[in-house]
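Content type PDB, C-alpha atoms, from the file target-v7.pdb:
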```pdb
ATOM      1  CA  MET D   1       0.000   0.000   0.000
ATOM      2  CA  PHE D   2       2.929   2.326   0.691
ATOM      3  CA  THR D   3       4.235   1.954  -2.865
ATOM      4  CA  ALA D   4       0.840   2.470  -4.475
ATOM      5  CA  SER D   5       0.283   5.604  -2.379
ATOM      6  CA  TYR D   6       3.763   6.913  -3.172
ATOM      7  CA  LEU D   7       3.113   6.497  -6.893
ATOM      8  CA  ALA D   8      -0.237   8.278  -6.660
ATOM      9  CA  VAL D   9       1.261  11.210  -4.740
ATOM     10  CA  GLU D  10       4.261  11.500  -7.062
ATOM     11  CA  THR D  11       1.991  11.416 -10.115
ATOM     12  CA  GLY D  12       0.054  14.326  -8.624
ATOM     13  CA  PHE D  13       3.313  16.153  -7.896
ATOM     14  CA  ILE D  14       4.487  15.702 -11.497
ATOM     15  CA  LEU D  15       1.182  16.891 -12.937
ATOM     16  CA  ILE D  16       0.505  19.804 -10.566
ATOM     17  CA  TYR D  17       3.904  21.151  -9.527
ATOM     18  CA  GLN D  18       6.658  20.000 -11.859
ATOM     19  CA  GLY D  19       4.840  19.715 -15.173
ATOM     20  CA  VAL D  20       5.613  17.437 -18.076
ATOM     21  CA  ARG D  21       8.259  19.177 -20.159
ATOM     22  CA  THR D  22      10.738  16.588 -21.364
ATOM     23  CA  PRO D  23      10.513  13.060 -22.775
ATOM     24  CA  MET D  24      11.984  11.785 -19.498
ATOM     25  CA  ASP D  25       9.151  13.490 -17.584
ATOM     26  CA  LYS D  26       6.609  11.821 -19.876
ATOM     27  CA  GLN D  27       8.223   8.411 -19.350
ATOM     28  CA  SER D  28       8.203   8.865 -15.569
ATOM     29  CA  LEU D  29       4.573   9.940 -15.588
ATOM     30  CA  ILE D  30       3.452   7.001 -17.733
ATOM     31  CA  HIS D  31       5.468   4.575 -15.568
ATOM     32  CA  HIS D  32       3.919   5.935 -12.360
ATOM     33  CA  ILE D  33       0.375   5.786 -13.698
ATOM     34  CA  ILE D  34       0.682   2.230 -15.037
ATOM     35  CA  VAL D  35       2.307   0.867 -11.884
ATOM     36  CA  ALA D  36      -0.118   2.631  -9.521
ATOM     37  CA  VAL D  37      -3.122   1.320 -11.451
ATOM     38  CA  ASN D  38      -1.663  -2.202 -11.380
ATOM     39  CA  TYR D  39      -1.127  -2.039  -7.615
ATOM     40  CA  TYR D  40      -4.647  -0.834  -6.935
ATOM     41  CA  ILE D  41      -6.083  -3.557  -9.182
ATOM     42  CA  ALA D  42      -3.994  -6.145  -7.292
ATOM     43  CA  PHE D  43      -5.391  -4.863  -3.977
ATOM     44  CA  TRP D  44      -8.906  -5.084  -5.360
ATOM     45  CA  GLN D  45      -8.440  -8.725  -6.390
ATOM     46  CA  GLN D  46      -6.540  -9.752  -3.221
ATOM     47  CA  ASP D  47      -4.936 -12.789  -4.815
ATOM     48  CA  PHE D  48      -1.397 -13.878  -5.687
ATOM     49  CA  THR D  49      -0.792 -10.632  -7.626
ATOM     50  CA  VAL D  50      -0.311  -8.782  -4.325
ATOM     51  CA  THR D  51       2.539 -11.156  -3.437
ATOM     52  CA  ILE D  52       4.114 -10.799  -6.860
ATOM     53  CA  GLY D  53       3.827  -7.023  -6.684
ATOM     54  CA  ALA D  54       5.486  -6.930  -3.280
ATOM     55  CA  ALA D  55       8.290  -9.256  -4.396
ATOM     56  CA  LEU D  56       8.920  -7.229  -7.532
ATOM     57  CA  ILE D  57       9.558  -4.096  -5.485
ATOM     58  CA  PHE D  58      13.132  -5.429  -5.284
ATOM     59  CA  LEU D  59      13.379  -4.538  -8.956
ATOM     60  CA  GLU D  60      13.371  -0.902  -7.886
ATOM     61  CA  ILE D  61      16.864  -1.206  -6.406
ATOM     62  CA  SER D  62      18.262   1.004  -9.163
ATOM     63  CA  THR D  63      15.681   3.765  -8.594
ATOM     64  CA  PRO D  64      17.943   6.024  -6.473
ATOM     65  CA  PHE D  65      20.391   6.139  -9.372
ATOM     66  CA  VAL D  66      17.586   6.865 -11.844
ATOM     67  CA  CYS D  67      16.457   9.764  -9.637
ATOM     68  CA  THR D  68      20.012  11.050  -9.349
ATOM     69  CA  ARG D  69      20.295  10.825 -13.151
ATOM     70  CA  TRP D  70      17.225  13.030 -13.442
ATOM     71  CA  LEU D  71      18.819  15.574 -11.078
ATOM     72  CA  PHE D  72      22.001  15.664 -13.163
ATOM     73  CA  PHE D  73      20.043  16.218 -16.378
ATOM     74  CA  HIS D  74      17.836  18.959 -14.948
ATOM     75  CA  HIS D  75      20.414  20.813 -12.840
ATOM     76  CA  GLY D  76      23.460  21.099 -15.079
ATOM     77  CA  GLY D  77      25.433  18.023 -14.039
ATOM     78  CA  LYS D  78      25.258  16.411 -17.462
ATOM     79  CA  GLY D  79      28.687  15.254 -18.591
ATOM     80  CA  SER D  80      30.317  15.508 -15.147
ATOM     81  CA  ILE D  81      32.405  12.801 -13.491
ATOM     82  CA  LEU D  82      29.671  12.385 -10.861
ATOM     83  CA  GLN D  83      27.161  11.673 -13.595
ATOM     84  CA  ALA D  84      29.520   9.062 -15.074
ATOM     85  CA  ILE D  85      29.880   7.361 -11.675
ATOM     86  CA  ASN D  86      26.099   7.450 -11.169
ATOM     87  CA  THR D  87      25.586   5.969 -14.646
ATOM     88  CA  MET D  88      27.959   3.115 -13.788
ATOM     89  CA  PHE D  89      26.057   2.327 -10.573
ATOM     90  CA  LEU D  90      22.762   2.619 -12.436
ATOM     91  CA  ALA D  91      23.919   0.104 -15.043
ATOM     92  CA  VAL D  92      25.214  -2.383 -12.453
ATOM     93  CA  THR D  93      22.128  -2.218 -10.234
ATOM     94  CA  PHE D  94      19.845  -2.328 -13.255
ATOM     95  CA  ILE D  95      21.531  -5.408 -14.730
ATOM     96  CA  PHE D  96      21.971  -7.346 -11.493
ATOM     97  CA  GLY D  97      19.002  -5.973  -9.555
ATOM     98  CA  ARG D  98      16.411  -5.905 -12.293
ATOM     99  CA  VAL D  99      17.409  -8.025 -15.240
ATOM    100  CA  CYS D 100      18.840 -10.992 -13.312
ATOM    101  CA  VAL D 101      16.012 -10.983 -10.751
ATOM    102  CA  GLN D 102      13.395 -11.015 -13.478
TER     103      GLN D 102
END
```

Represent the structure of the file as structure tokens.
Amino acid sequence: MFTASYLAVETGFILIYQGVRTPMDKQSLIHHIIVAVNYYIAFWQQDFTVTIGAALIFLEISTPFVCTRWLFFHHGGKGSILQAINTMFLAVTFIFGRVCVQ
């Protein structure tokens, strides 16, 4: 329930406060909407999909690096050494935390 609520609140934040200006913003918004709807449907059914949804939260292990990537793109850090280091961690956590787990 925490994750579904987080996604609903962040979707509202994107739409009301931040706005949808870049392709990355559009991707984030679509991702949040689809995942939030799926979580709420799983809660409505109350079957094995709730367990799968909870287990798949581990796939979000690379999310802090995705968020940091967004900060670098929007606040002038693009091309810096810190962005390169973040990109490396993003790739490693994405491959081993998302791809291998799935």

Exercise for the section: Name the residues that the PyMOL selection byres ((chain D and resi 30) around 12) picks from the file above, as an MDAnalysis selection string, using the file's chain letters and numbers. Expected result: chainID D and resid 7:8 10:11 14:15 20 23:29 31:37

Handout entry: Computed interatomic separation between CA of Phe48 in chain D and CA of Gly97 in chain D (Å)
Key =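 Straight-line distance from CA of Phe48 in chain D to CA of Gly97 in chain D works out to 22.2 Å.
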
Handout entry: Nearest to Phe94 in chain D, chosen from D:Ser62, D:Asn38, D:Thr68, D:Thr49, with all atoms listed in the file counted in the distances
Key =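 Smallest separation from Phe94 in chain D among the options: D:Ser62.
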
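Between Val92 in chain D and the candidates D:Gly53, D:Arg21, D:Thr63, D:Gly76, the tightest atom-to-atom separation, counting all atoms listed in the file, involves D:Thr63.
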
Completion exercise
Correct to one decimal, the distance CA of Pro64 in chain D-CA of Val99 in chain D is 16.6 Å
